[in-house]
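For reference, coords-v2.cif (mmCIF, C-alpha atoms):
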data_protein
#
loop_
_atom_site.label_atom_id
_atom_site.label_comp_id
_atom_site.auth_asym_id
_atom_site.auth_seq_id
_atom_site.Cartn_x
_atom_site.Cartn_y
_atom_site.Cartn_z
CA MET A 151 53.07 18.00 80.24
CA THR A 152 55.42 19.26 82.91
CA LEU A 153 59.17 19.63 82.86
CA PHE A 154 59.31 20.99 86.36
CA SER A 155 60.90 17.87 87.78
CA VAL A 156 63.56 18.05 85.07
CA ILE A 157 64.40 21.77 84.95
CA ASN A 158 64.40 23.23 88.41
CA GLN A 159 65.74 26.67 89.27
CA GLN A 160 69.26 25.53 90.16
CA LEU A 161 69.59 23.29 87.13
CA ALA A 162 68.46 26.11 84.84
CA ILE A 163 71.14 28.42 86.28
CA LEU A 164 73.74 25.68 86.17
CA LEU A 165 73.05 24.84 82.51
CA ALA A 166 72.97 28.50 81.46
CA ALA A 167 76.29 29.22 83.18
CA LYS A 168 77.93 26.11 81.77
CA LEU A 169 76.85 26.80 78.19
CA VAL A 170 78.23 30.34 78.33
CA ALA A 171 81.36 29.07 80.08
CA LEU A 172 81.84 26.73 77.12
CA ALA A 173 81.53 29.68 74.74
CA ILE A 174 84.14 31.56 76.79
CA VAL A 175 86.54 28.61 76.86
CA VAL A 176 86.33 28.26 73.08
CA SER A 177 86.66 32.01 72.54
CA CYS A 178 89.69 32.29 74.84
CA ALA A 179 91.35 29.26 73.23
CA GLU A 180 90.82 30.86 69.83
CA TYR A 181 92.45 34.09 71.02
CA LEU A 182 95.40 32.19 72.49
CA VAL A 183 95.94 30.01 69.42
CA PHE A 184 95.63 32.94 67.03
CA PRO A 185 96.60 36.15 68.89
CA LEU A 186 97.64 38.08 65.76
CA PRO A 187 94.68 40.52 65.79
CA LEU A 188 95.52 41.48 69.40
CA GLN A 189 99.11 42.38 68.61
CA GLU A 190 100.17 46.00 68.18
CA SER A 191 100.09 45.49 64.42
CA GLY A 192 96.64 43.87 64.49
CA LEU A 193 93.18 45.18 63.83
CA MET A 194 92.43 44.86 67.58
CA SER A 195 95.57 46.75 68.63
CA TRP A 196 95.38 48.28 72.10
CA GLY A 197 97.99 50.86 71.10
CA VAL A 198 95.50 52.34 68.65
CA GLY A 199 92.29 51.43 70.48
CA ARG A 200 93.33 53.28 73.62
CA LEU A 201 93.50 56.55 71.66
CA ARG A 202 89.69 56.79 71.74
CA GLN A 203 89.55 58.77 74.97
CA PRO A 204 91.98 60.68 77.23
CA LEU A 205 91.12 58.42 80.18
CA THR A 206 92.78 55.45 78.51
CA VAL A 207 95.90 57.37 77.55
CA LYS A 208 96.71 59.85 80.31
CA GLY A 209 97.07 59.71 84.06
CA PRO A 210 96.98 56.75 86.44
CA THR A 211 94.02 55.08 84.69
CA GLY A 212 95.84 55.26 81.38
CA ARG A 213 98.99 53.75 82.91
CA VAL A 214 97.13 50.94 84.71
CA LEU A 215 95.01 50.06 81.67
CA ASN A 216 98.05 50.16 79.42
CA TRP A 217 99.93 47.84 81.77
CA LEU A 218 97.03 45.40 81.91
CA LEU A 219 95.76 45.44 78.35
CA SER A 220 98.83 45.79 76.16
CA TYR A 221 100.11 42.84 74.19
CA PRO A 222 101.31 40.23 75.21
CA ARG A 223 100.11 40.78 78.82
CA VAL A 224 96.50 40.65 77.66
CA LEU A 225 97.08 36.98 76.78
CA GLY A 226 97.61 36.35 80.50
CA LEU A 227 94.20 37.88 81.23
CA ILE A 228 92.64 35.73 78.52
CA ALA A 229 94.32 32.60 79.89
CA LEU A 230 93.07 33.38 83.41
CA ARG A 231 89.57 33.96 82.04
CA ALA A 232 89.76 30.59 80.31
CA VAL A 233 90.82 28.85 83.53
CA ILE A 234 87.88 30.32 85.47
CA ALA A 235 85.50 29.39 82.66
CA VAL A 236 86.83 25.80 82.77
CA LEU A 237 86.19 25.71 86.53
CA ILE A 238 82.61 26.85 85.95
CA LEU A 239 82.16 24.43 83.06
CA PHE A 240 83.13 21.39 85.13
CA GLY A 241 82.39 22.60 88.65
CA PRO A 242 79.32 22.04 90.85
CA LEU A 243 76.76 24.75 91.70
CA THR A 244 78.88 26.01 94.61
CA VAL A 245 81.65 26.86 92.13
CA VAL A 246 79.24 28.27 89.55
CA LEU A 247 77.73 30.58 92.19
CA ASN A 248 81.01 31.50 93.87
CA PRO A 249 80.89 35.33 93.98
CA TRP A 250 84.68 35.75 94.10
CA LEU A 251 85.25 33.59 91.07
CA LEU A 252 82.43 35.30 89.20
CA CYS A 253 83.68 38.78 90.13
CA VAL A 254 87.11 38.00 88.68
CA LEU A 255 85.57 36.45 85.56
CA VAL A 256 83.31 39.47 85.01
CA LEU A 257 86.18 41.89 85.60
CA LEU A 258 88.33 40.08 83.03
CA SER A 259 85.48 39.87 80.53
CA LEU A 260 84.61 43.56 80.87
CA LEU A 261 88.26 44.56 80.57
CA LEU A 262 88.48 42.61 77.32
CA THR A 263 85.24 44.17 76.06
CA PHE A 264 86.58 47.60 76.95
CA ARG A 265 89.90 46.87 75.25
CA ASN A 266 88.56 45.57 71.95
CA VAL A 267 86.70 48.29 70.09
CA PHE A 268 86.52 46.11 66.98
CA GLY A 269 86.16 42.36 66.49
CA THR A 270 83.75 41.38 69.25
CA ASP A 271 80.23 40.10 68.63
CA GLY A 272 76.83 39.27 70.10
CA ALA A 273 78.14 36.07 71.65
CA ASP A 274 80.59 38.07 73.78
CA GLN A 275 77.79 40.42 74.74
CA MET A 276 75.41 37.64 75.78
CA GLY A 277 78.24 36.07 77.79
CA ASP A 278 78.91 39.35 79.60
CA LEU A 279 75.20 39.84 80.28
CA LEU A 280 74.78 36.39 81.71
CA PHE A 281 77.82 36.49 83.97
CA VAL A 282 77.24 40.05 85.23
CA GLY A 283 73.71 38.98 86.15
CA LEU A 284 74.92 35.76 87.73
CA THR A 285 77.50 37.66 89.78
CA VAL A 286 74.75 39.85 91.23
CA VAL A 287 72.69 36.75 92.02
CA SER A 288 75.70 35.04 93.62
CA ILE A 289 76.00 37.97 96.06
CA VAL A 290 72.30 37.87 97.00
CA THR A 291 71.34 34.24 96.42
CA THR A 292 67.68 33.73 97.20
CA HIS A 293 64.81 31.99 95.43
CA LEU A 294 63.48 35.37 94.33
CA THR A 295 66.75 36.76 92.92
CA MET A 296 67.40 33.54 91.01
CA ASN A 297 63.88 33.74 89.59
CA VAL A 298 64.37 37.37 88.55
CA PHE A 299 67.67 36.47 86.88
CA LEU A 300 66.11 33.59 84.91
CA TRP A 301 63.24 35.85 83.80
CA PHE A 302 65.83 38.47 82.77
CA LEU A 303 67.60 35.89 80.58
CA THR A 304 64.28 34.83 79.06
CA PHE A 305 63.49 38.47 78.38
CA GLN A 306 66.87 38.92 76.65
CA ALA A 307 66.27 35.88 74.41
CA CYS A 308 62.78 37.11 73.44
CA LEU A 309 64.01 40.68 72.88
CA ALA A 310 67.00 39.57 70.80
CA TYR A 311 65.05 37.37 68.41
CA ALA A 312 62.01 39.64 68.17
CA MET A 313 63.98 42.85 67.49
CA ALA A 314 66.12 41.06 64.90
CA GLY A 315 62.97 39.65 63.31
CA PHE A 316 61.14 42.99 63.18
CA ALA A 317 64.22 44.72 61.75
CA LYS A 318 64.32 42.09 58.98
CA ALA A 319 60.56 42.16 58.39
CA VAL A 320 60.64 45.85 57.41
CA ALA A 321 63.51 45.33 54.96
CA PRO A 322 62.29 44.36 51.43
CA GLY A 323 65.67 42.74 50.71
CA TRP A 324 65.10 40.33 53.58
CA ARG A 325 61.53 39.59 52.62
CA ASP A 326 62.44 38.71 49.02
CA GLY A 327 65.51 36.70 50.01
CA THR A 328 68.15 38.78 48.20
CA TYR A 329 69.97 39.75 51.41
CA LEU A 330 70.17 36.10 52.39
CA VAL A 331 71.88 35.26 49.09
CA GLY A 332 74.16 38.28 49.58
CA ILE A 333 75.31 37.12 53.02
CA CYS A 334 75.79 33.56 51.81
CA GLY A 335 78.04 34.92 49.09
CA THR A 336 80.50 36.49 51.50
CA THR A 337 83.60 34.64 52.64
CA THR A 338 83.31 36.26 56.09
CA TYR A 339 79.88 34.85 56.93
CA GLY A 340 78.85 32.81 53.93
CA ASN A 341 79.00 29.48 52.22
CA ALA A 342 79.64 29.30 48.48
CA ARG A 343 77.65 26.10 47.94
CA LEU A 344 74.60 27.48 49.69
CA ARG A 345 74.92 30.73 47.72
CA ASP A 346 74.93 28.79 44.44
CA LEU A 347 71.91 26.77 45.55
CA LEU A 348 69.99 29.89 46.55
CA LEU A 349 70.97 31.71 43.36
CA ALA A 350 69.63 28.80 41.33
CA ARG A 351 66.40 28.68 43.37
CA PRO A 352 65.25 32.22 44.26
CA ALA A 353 61.96 30.88 45.66
CA LEU A 354 63.88 28.78 48.18
CA SER A 355 65.89 31.83 49.21
CA LYS A 356 62.73 33.92 49.64
CA TRP A 357 60.89 31.35 51.75
CA LEU A 358 63.96 30.51 53.82
CA ALA A 359 64.41 34.21 54.65
CA ARG A 360 60.69 34.52 55.47
CA LEU A 361 60.88 31.46 57.68
CA VAL A 362 63.74 33.06 59.64
CA ILE A 363 61.75 36.31 59.97
CA LEU A 364 58.64 34.45 61.09
CA TRP A 365 60.52 32.38 63.64
CA GLU A 366 62.42 35.38 65.06
CA CYS A 367 59.32 37.59 65.31
CA SER A 368 57.22 34.87 66.90
CA PHE A 369 59.81 33.67 69.42
CA PRO A 370 58.28 35.66 72.35
CA LEU A 371 55.08 33.63 71.82
CA VAL A 372 56.97 30.83 73.50
CA LEU A 373 55.78 32.36 76.77
CA PHE A 374 52.11 32.17 75.76
CA LEU A 375 51.97 28.80 74.01
CA PRO A 376 50.95 25.74 75.99
CA LEU A 377 53.40 22.88 76.38
CA PRO A 378 54.46 20.99 74.33
CA LEU A 379 53.72 23.57 71.55
CA ALA A 380 56.00 26.03 73.33
CA LEU A 381 58.91 23.74 72.66
CA ILE A 382 58.62 24.32 68.90
CA PRO A 383 60.21 27.83 68.93
CA LEU A 384 63.01 26.45 71.11
CA ALA A 385 63.63 23.54 68.75
CA GLY A 386 63.61 26.09 65.91
CA GLY A 387 66.25 28.07 67.82
CA ILE A 388 68.52 25.06 68.13
CA VAL A 389 68.27 24.42 64.39
CA PHE A 390 68.79 28.14 63.67
CA HIS A 391 71.96 28.37 65.78
CA LEU A 392 73.37 25.12 64.40
CA MET A 393 72.85 26.45 60.88
CA MET A 394 74.44 29.79 61.79
CA ALA A 395 77.43 27.98 63.27
CA TYR A 396 77.85 25.81 60.17
CA ILE A 397 77.10 28.39 57.47
CA MET A 398 78.41 31.57 59.11
CA GLY A 399 81.06 30.16 61.43
CA LEU A 400 79.34 31.74 64.46
CA ASN A 401 80.39 28.93 66.78
CA ASP A 402 80.33 30.62 70.21
CA PHE A 403 77.18 32.52 69.24
CA MET A 404 75.45 29.14 69.31
CA TRP A 405 76.53 28.33 72.90
CA SER A 406 75.88 31.85 74.21
CA PHE A 407 72.33 32.04 72.91
CA LEU A 408 71.40 28.47 73.68
CA ALA A 409 72.47 29.32 77.24
CA THR A 410 69.27 31.33 77.60
CA TYR A 411 67.08 28.31 76.74
CA PRO A 412 67.27 26.60 80.14
CA ALA A 413 65.99 29.90 81.59
CA VAL A 414 63.18 29.99 79.03
CA LEU A 415 62.23 26.40 79.88
CA TYR A 416 62.21 27.23 83.58
CA CYS A 417 60.03 30.30 83.02
CA LEU A 418 57.61 28.22 80.94
CA GLN A 419 57.07 26.05 83.99
CA MET A 420 56.79 29.05 86.30
CA ARG A 421 53.65 30.09 84.42
CA GLY A 422 51.92 27.09 85.91
CA TRP A 423 50.20 25.95 82.71
CA MET O 1166 65.77 44.93 101.10
CA SER O 1167 68.67 43.39 99.13
CA GLU O 1168 66.21 41.26 97.15
CA GLY O 1169 64.41 44.45 96.18
CA LEU O 1170 67.67 46.06 95.09
CA VAL O 1171 68.58 43.07 92.93
CA SER O 1172 65.11 43.00 91.37
CA GLY O 1173 65.32 46.74 90.72
CA PHE O 1174 68.76 46.32 89.17
CA PHE O 1175 67.50 43.72 86.68
CA GLY O 1176 64.37 45.77 86.01
CA ILE O 1177 66.33 48.92 85.14
CA TRP O 1178 68.78 46.90 83.07
CA ALA O 1179 65.92 45.32 81.10
CA LEU O 1180 64.31 48.74 80.61
CA LEU O 1181 67.57 50.19 79.23
CA CYS O 1182 67.79 47.23 76.84
CA VAL O 1183 64.44 48.33 75.38
CA LEU O 1184 65.10 52.08 75.44
CA VAL O 1185 68.33 51.63 73.43
CA TYR O 1186 66.18 50.95 70.35
CA ILE O 1187 64.92 54.56 70.46
CA PRO O 1188 67.48 56.51 68.40
CA LYS O 1189 67.55 59.62 70.62
CA LEU O 1190 68.03 57.60 73.79
CA LYS O 1191 70.51 55.26 72.12
CA THR O 1192 73.04 58.10 71.76
CA ILE O 1193 72.80 58.89 75.47
CA ILE O 1194 72.95 55.26 76.58
CA ARG O 1195 75.92 54.49 74.33
CA GLN O 1196 77.91 57.38 75.87
CA TRP O 1197 77.85 55.61 79.23
CA ASP O 1198 77.81 52.00 78.12
CA TRP O 1199 81.59 51.53 78.14
CA PHE O 1200 81.33 47.78 78.64
CA ARG O 1201 78.57 47.26 76.04
CA LEU O 1202 76.15 45.78 78.55
CA ILE O 1203 73.15 47.25 76.78
CA PRO O 1204 72.90 45.15 73.62
CA GLU O 1205 71.17 46.10 70.43
CA TRP O 1206 70.29 42.80 68.84
CA ARG O 1207 69.86 42.93 65.08
CA PHE O 1208 71.37 39.72 63.64
CA PHE O 1209 72.35 41.20 60.25
CA ALA O 1210 69.27 43.41 59.94
CA PRO O 1211 67.97 45.64 58.51
CA ARG O 1212 70.68 45.61 55.82
CA PRO O 1213 73.50 43.10 56.05
CA ALA O 1214 76.82 43.39 54.28
CA GLU O 1215 76.16 41.56 51.04
CA GLY O 1216 79.81 41.29 50.16
CA ASP O 1217 83.29 41.12 51.62
CA PHE O 1218 85.44 44.06 52.45
CA HIS O 1219 88.94 43.98 51.02
CA LEU O 1220 91.89 45.94 52.35
CA LEU O 1221 94.68 46.74 49.89
CA TYR O 1222 97.81 48.84 50.24
CA GLN O 1223 100.27 50.51 47.94
CA ASP O 1224 103.80 51.58 48.87
CA MET O 1225 105.74 54.47 47.39
CA PHE O 1226 109.43 55.22 47.23
CA HIS O 1227 111.38 58.46 47.44
CA ASP O 1228 112.03 58.36 43.68
CA GLY O 1229 108.27 58.46 43.03
CA SER O 1230 107.92 54.80 41.99
CA ARG O 1231 105.01 52.77 43.35
CA THR O 1232 104.27 49.14 44.02
CA HIS O 1233 101.12 47.44 42.74
CA TRP O 1234 98.11 47.39 45.06
CA THR O 1235 98.45 44.36 47.31
CA GLU O 1236 95.54 42.79 49.16
CA VAL O 1237 95.88 42.02 52.86
CA ARG O 1238 94.25 38.58 52.92
CA PRO O 1239 92.74 37.12 56.11
CA THR O 1240 95.38 34.99 57.83
CA ILE O 1241 93.03 32.05 58.37
CA GLU O 1242 90.50 31.09 55.70
CA ARG O 1243 87.02 29.70 56.48
CA SER O 1244 86.68 25.92 56.87
CA TRP O 1245 83.91 23.42 57.60
CA TRP O 1246 85.15 22.95 61.18
CA ASN O 1247 84.31 26.58 61.95
CA ILE O 1248 81.06 25.16 63.33
CA VAL O 1249 83.01 24.42 66.52
CA TRP O 1250 86.38 26.13 66.07
CA ASN O 1251 86.86 29.46 64.32
CA PRO O 1252 89.98 31.32 65.46
CA GLY O 1253 90.04 33.48 62.31
CA LYS O 1254 86.64 35.06 62.98
CA ARG O 1255 88.02 37.88 65.18
CA GLU O 1256 90.31 39.16 62.46
CA ARG O 1257 87.56 39.07 59.84
CA LYS O 1258 85.01 40.64 62.20
CA ALA O 1259 87.48 43.36 63.20
CA LEU O 1260 87.99 44.34 59.55
CA PHE O 1261 84.22 44.27 59.06
CA ASP O 1262 83.68 46.54 62.08
CA VAL O 1263 86.50 48.93 61.16
CA VAL O 1264 85.21 49.40 57.61
CA ASN O 1265 81.63 49.88 58.79
CA VAL O 1266 82.63 52.59 61.28
CA LEU O 1267 84.89 54.24 58.71
CA ASN O 1268 82.06 54.20 56.14
CA ALA O 1269 79.71 55.84 58.62
CA ARG O 1270 82.27 58.59 59.20
CA ILE O 1271 82.84 59.04 55.46
CA ALA O 1272 79.07 59.36 54.96
CA LEU O 1273 79.06 62.18 57.52
CA SER O 1274 81.96 63.92 55.69
CA ASP O 1275 84.00 63.73 58.89
CA LYS O 1276 86.77 66.33 58.68
CA ALA O 1277 88.77 64.53 61.36
CA LEU O 1278 88.63 61.24 59.47
CA GLU O 1279 92.41 60.75 59.40
CA GLY O 1280 92.51 61.00 63.18
CA SER O 1281 89.63 58.60 63.69
CA LEU O 1282 90.04 55.19 65.29
CA PRO O 1283 89.09 53.09 62.22
CA TYR O 1284 91.42 55.07 59.97
CA LEU O 1285 94.32 54.82 62.41
CA THR O 1286 93.63 51.11 62.93
CA LEU O 1287 93.91 50.38 59.21
CA LEU O 1288 96.95 52.63 58.76
CA ASN O 1289 98.67 51.04 61.75
CA HIS O 1290 97.88 47.56 60.40
CA ILE O 1291 99.30 48.11 56.93
CA SER O 1292 102.31 50.02 58.28
CA PHE O 1293 103.36 46.98 60.34
CA LEU O 1294 103.10 44.49 57.45
CA PRO O 1295 106.43 42.84 56.62
CA ARG O 1296 108.00 44.11 53.39
CA SER O 1297 111.02 42.96 51.41
CA LEU O 1298 111.86 46.49 50.25
CA SER O 1299 112.01 49.73 52.28
CA PRO O 1300 109.35 52.05 50.92
CA ALA O 1301 109.03 55.60 52.23
CA PHE O 1302 105.26 56.02 52.05
CA THR O 1303 102.10 53.95 52.00
CA ARG O 1304 98.35 54.28 51.52
CA PHE O 1305 95.39 51.94 51.68
CA LEU O 1306 92.31 51.19 49.66
CA LEU O 1307 89.03 49.60 50.73
CA MET O 1308 86.94 47.60 48.29
CA LYS O 1309 83.70 45.70 48.59
CA SER O 1310 82.93 42.63 46.52
CA HIS O 1311 79.42 41.45 45.70
CA GLY O 1312 78.39 38.30 47.53
CA ALA O 1313 75.52 37.35 45.26
CA SER O 1314 77.41 38.26 42.06
CA PRO O 1315 81.06 37.22 42.42
CA GLU O 1316 81.67 37.96 38.74
CA LYS O 1317 80.85 41.64 39.27
CA LYS O 1318 83.81 44.01 39.77
CA PRO O 1319 84.27 45.10 43.41
CA ASP O 1320 83.35 48.66 44.35
CA ILE O 1321 86.03 51.03 45.60
CA LEU O 1322 84.83 52.43 48.92
CA PHE O 1323 87.75 54.58 49.98
CA ILE O 1324 91.35 55.50 49.18
CA SER O 1325 93.38 56.94 52.04
CA GLY O 1326 95.88 59.75 51.92
CA VAL O 1327 99.60 59.02 51.58
CA HIS O 1328 101.43 58.51 54.87
CA GLU O 1329 105.07 58.26 55.76
CA LEU O 1330 106.25 54.87 56.96
#

What is this file in structure tokens?
Amino acid sequence: MTLFSVINQQLAILLAAKLVALAIVVSCAEYLVFPLPLQESGLMSWGVGRLRQPLTVKGPTGRVLNWLLSYPRVLGLIALRAVIAVLILFGPLTVVLNPWLLCVLVLLSLLLTFRNVFGTDGADQMGDLLFVGLTVVSIVTTHLTMNVFLWFLTFQACLAYAMAGFAKAVAPGWRDGTYLVGICGTTTYGNARLRDLLLARPALSKWLARLVILWECSFPLVLFLPLPLALIPLAGGIVFHLMMAYIMGLNDFMWSFLATYPAVLYCLQMRGW
Amino acid sequence: MSEGLVSGFFGIWALLCVLVYIPKLKTIIRQWDWFRLIPEWRFFAPRPAEGDFHLLYQDMFHDGSRTHWTEVRPTIERSWWNIVWNPGKRERKALFDVVNVLNARIALSDKALEGSLPYLTLLNHISFLPRSLSPAFTRFLLMKSHGASPEKKPDILFISGVHEL
């Protein structure tokens, strides 16, 4: 079975960029619709956050950063970031690999990451990783650099799932399912109906948690399994992220991580078997 | 030449992403990773928060009287459509992060706790809350409920000092 005619190098990069662009569009829209945490009174206040180091308070850097990142000006940066992400989402490969556009997007994203000490998550991080990498590739666009970038994304996906899986595997509370029930019982990341179901059926909780551990730990095997068996961990990933989005409300996490899958698919074909 | 530089760049970046899991090296890497480009993927492991954090505040007046403890509820509650649209997640995640960092500092018996970023963030947040009366002082309280046992009384994690408004 070969997917080479379906997922070529350019398509893999295009899909990865578009999926993360979608995550950024959603994230920016969420900030703009509900900017309360970014306000001076909020839990993501720049007025407090900038106190973490002298560089962000004193001197020219402090003044420039304060001008750029204070509320409500930061909303302008977020809106601009959203516009660029929309261009990437709907644009052709020439737009997606436009170094100027990518440089501005990366600058805005990193400024936001720098500004917000609290409240960001893995989806933001994966988005930053992907677009910083893509910016480098857009400056030196060759077959080799695009290959290296796609392998880097594949490596990040394997590392993320495997490290998370190993960290869970050594925790007895994960292995017996109690942590899973605990998370499902929170309002921040949980779901009351699922909590009640898991509380009533501890065996289900235990085996569900073990299934997650097994899938996460074995994800890197995707690179060693023959096709079409190698597609099973990827299908598992789609189910996993859909469940996380539904149960935990991690909506942009789903797009950001699924953005690595076109790279994984491409690398599977690169193996030549 | 430039292809080699790009390949080297991604190679070093990937290497740092592995080295960050070594505790001694993590401290060094984190000092320079201002833009959080070296991730440490854990996905709620090894020990997730098995309950919600609750922020409460209490105001005091010049005559010594006090208000009841009042909880600062999340502005937007969770809904089924959070699968695609979840604007309230930043606020909830920010509180989660703030409390986690504050807890870590409390565990280390940090003497400069009241000048720390998480402490100041919470104090700033409750100081800005709209009030119908004009209290002179305020303080905050952090509690943690039990996700798997909602009937269990929440644990008190921390009570702040009293601060002038």

Distance-based interface of chain O with chain A, 8 Å, counting all atoms listed in the file, as a count of residues only: 59

Point (98.8, 58.4, 59.3) neighbourhood (9 Å, all atoms listed in the file) written as number ranges by chain: O: 1279-1280, 1284-1285, 1288-1289, 1304, 1326-1330

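In this structure, atom CA of A:Ala235 sits 18.6 Å away from atom CA of A:Pro412.
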
Padding 3 Å on every side, please: axis-aligned box over the listed atoms of stretch 1176-1185 of chain O, centre and edge lengths to one decimal in Å, as lines of an AutoDock Vina configuration file.
center_x = 66.5
center_y = 48.7
center_z = 79.7
size_x = 10.5
size_y = 12.8
size_z = 18.6

Result set of the PyMOL selection byres ((chain O and resi 1299-1302) around 10) on the coordinates above, as a ChimeraX atom specification: /O:1223-1232,1292,1295-1298,1303-1304,1327-1330

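Comparing A:Leu257, A:Ala232, A:Leu418, A:Leu361 by their smallest distance to A:Gly387, the closest is A:Leu361 (using all atoms listed in the file).
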
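Each of A:Ala162, A:Leu243, A:Val256, A:Cys308 was compared to O:Val1183 using all atoms listed in the file, and A:Cys308 turns out to be the nearest.
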
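Interatomic distance, atom CA of A:Leu225 to atom CA of A:Pro210: 22.0 Å.
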
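Going from atom CA of A:Val214 to atom CA of A:Cys253 covers 18.9 Å.
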
The PyMOL selection byres ((chain A and resi 251) around 12) resolved against shown file, as a ChimeraX atom specification: /A:230-231,233-238,241,244-250,252-258,281-282,284-285,288-289

Could those residues be written to a file, using C-alpha atoms, as an mmCIF file, in the frame of the given file?
data_model
loop_
_atom_site.group_PDB
_atom_site.id
_atom_site.type_symbol
_atom_site.label_atom_id
_atom_site.label_comp_id
_atom_site.auth_asym_id
_atom_site.auth_seq_id
_atom_site.Cartn_x
_atom_site.Cartn_y
_atom_site.Cartn_z
ATOM 1 C CA LEU A 230 93.070 33.380 83.410
ATOM 2 C CA ARG A 231 89.570 33.960 82.040
ATOM 3 C CA VAL A 233 90.820 28.850 83.530
ATOM 4 C CA ILE A 234 87.880 30.320 85.470
ATOM 5 C CA ALA A 235 85.500 29.390 82.660
ATOM 6 C CA VAL A 236 86.830 25.800 82.770
ATOM 7 C CA LEU A 237 86.190 25.710 86.530
ATOM 8 C CA ILE A 238 82.610 26.850 85.950
ATOM 9 C CA GLY A 241 82.390 22.600 88.650
ATOM 10 C CA THR A 244 78.880 26.010 94.610
ATOM 11 C CA VAL A 245 81.650 26.860 92.130
ATOM 12 C CA VAL A 246 79.240 28.270 89.550
ATOM 13 C CA LEU A 247 77.730 30.580 92.190
ATOM 14 C CA ASN A 248 81.010 31.500 93.870
ATOM 15 C CA PRO A 249 80.890 35.330 93.980
ATOM 16 C CA TRP A 250 84.680 35.750 94.100
ATOM 17 C CA LEU A 252 82.430 35.300 89.200
ATOM 18 C CA CYS A 253 83.680 38.780 90.130
ATOM 19 C CA VAL A 254 87.110 38.000 88.680
ATOM 20 C CA LEU A 255 85.570 36.450 85.560
ATOM 21 C CA VAL A 256 83.310 39.470 85.010
ATOM 22 C CA LEU A 257 86.180 41.890 85.600
ATOM 23 C CA LEU A 258 88.330 40.080 83.030
ATOM 24 C CA PHE A 281 77.820 36.490 83.970
ATOM 25 C CA VAL A 282 77.240 40.050 85.230
ATOM 26 C CA LEU A 284 74.920 35.760 87.730
ATOM 27 C CA THR A 285 77.500 37.660 89.780
ATOM 28 C CA SER A 288 75.700 35.040 93.620
ATOM 29 C CA ILE A 289 76.000 37.970 96.060
#

Nearest-residue call for O:Leu1278, choices O:Ser1310, O:Thr1235, O:Thr1240, O:Ser1325, using all atoms listed in the file: O:Ser1325

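Nearest residue to A:Pro378, choosing from A:Val207, A:Ile363, A:Leu344, A:Leu415 and counting only C-alpha atoms: A:Leu415.
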
Surrounding residues of A:Leu215 excluding itself and chain neighbours under 4 positions, 7 Å, all atoms listed in the file, as a list in words: Thr206, Thr211 and Leu219 of chain A

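Nearest residue to O:His1233, choosing from O:Leu1267, O:Ile1193, O:Leu1306, O:Met1166 and counting only C-alpha atoms: O:Leu1306.
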
Kindly reconstruct stretch 1301-1312 of chain O with N, CA and C atoms and present the result as a PDB file, keeping the file's coordinate frame.
ATOM      1  N   ALA O1301     109.070  54.411  51.372  1.00  0.00           N
ATOM      2  CA  ALA O1301     109.030  55.600  52.230  1.00  0.00           C
ATOM      3  C   ALA O1301     107.607  55.946  52.648  1.00  0.00           C
ATOM      4  N   PHE O1302     106.654  55.626  51.791  1.00  0.00           N
ATOM      5  CA  PHE O1302     105.260  56.020  52.050  1.00  0.00           C
ATOM      6  C   PHE O1302     104.311  54.855  51.758  1.00  0.00           C
ATOM      7  N   THR O1303     103.118  54.968  52.299  1.00  0.00           N
ATOM      8  CA  THR O1303     102.100  53.950  52.000  1.00  0.00           C
ATOM      9  C   THR O1303     100.704  54.583  52.008  1.00  0.00           C
ATOM     10  N   ARG O1304      99.774  53.879  51.425  1.00  0.00           N
ATOM     11  CA  ARG O1304      98.350  54.280  51.520  1.00  0.00           C
ATOM     12  C   ARG O1304      97.503  53.017  51.385  1.00  0.00           C
ATOM     13  N   PHE O1305      96.242  53.130  51.771  1.00  0.00           N
ATOM     14  CA  PHE O1305      95.390  51.940  51.680  1.00  0.00           C
ATOM     15  C   PHE O1305      94.106  52.221  50.908  1.00  0.00           C
ATOM     16  N   LEU O1306      93.520  51.133  50.492  1.00  0.00           N
ATOM     17  CA  LEU O1306      92.310  51.190  49.660  1.00  0.00           C
ATOM     18  C   LEU O1306      91.323  50.162  50.215  1.00  0.00           C
ATOM     19  N   LEU O1307      90.072  50.540  50.284  1.00  0.00           N
ATOM     20  CA  LEU O1307      89.030  49.600  50.730  1.00  0.00           C
ATOM     21  C   LEU O1307      88.098  49.289  49.566  1.00  0.00           C
ATOM     22  N   MET O1308      87.851  48.020  49.357  1.00  0.00           N
ATOM     23  CA  MET O1308      86.940  47.600  48.290  1.00  0.00           C
ATOM     24  C   MET O1308      85.869  46.694  48.867  1.00  0.00           C
ATOM     25  N   LYS O1309      84.764  46.621  48.164  1.00  0.00           N
ATOM     26  CA  LYS O1309      83.700  45.700  48.590  1.00  0.00           C
ATOM     27  C   LYS O1309      83.274  44.847  47.404  1.00  0.00           C
ATOM     28  N   SER O1310      83.363  43.533  47.593  1.00  0.00           N
ATOM     29  CA  SER O1310      82.930  42.630  46.520  1.00  0.00           C
ATOM     30  C   SER O1310      81.436  42.342  46.688  1.00  0.00           C
ATOM     31  N   HIS O1311      80.864  41.691  45.678  1.00  0.00           N
ATOM     32  CA  HIS O1311      79.420  41.450  45.700  1.00  0.00           C
ATOM     33  C   HIS O1311      79.149  39.972  45.960  1.00  0.00           C
ATOM     34  N   GLY O1312      78.589  39.681  47.113  1.00  0.00           N
ATOM     35  CA  GLY O1312      78.390  38.300  47.530  1.00  0.00           C
ATOM     36  C   GLY O1312      77.539  37.481  46.575  1.00  0.00           C
TER      37      GLY O1312
END
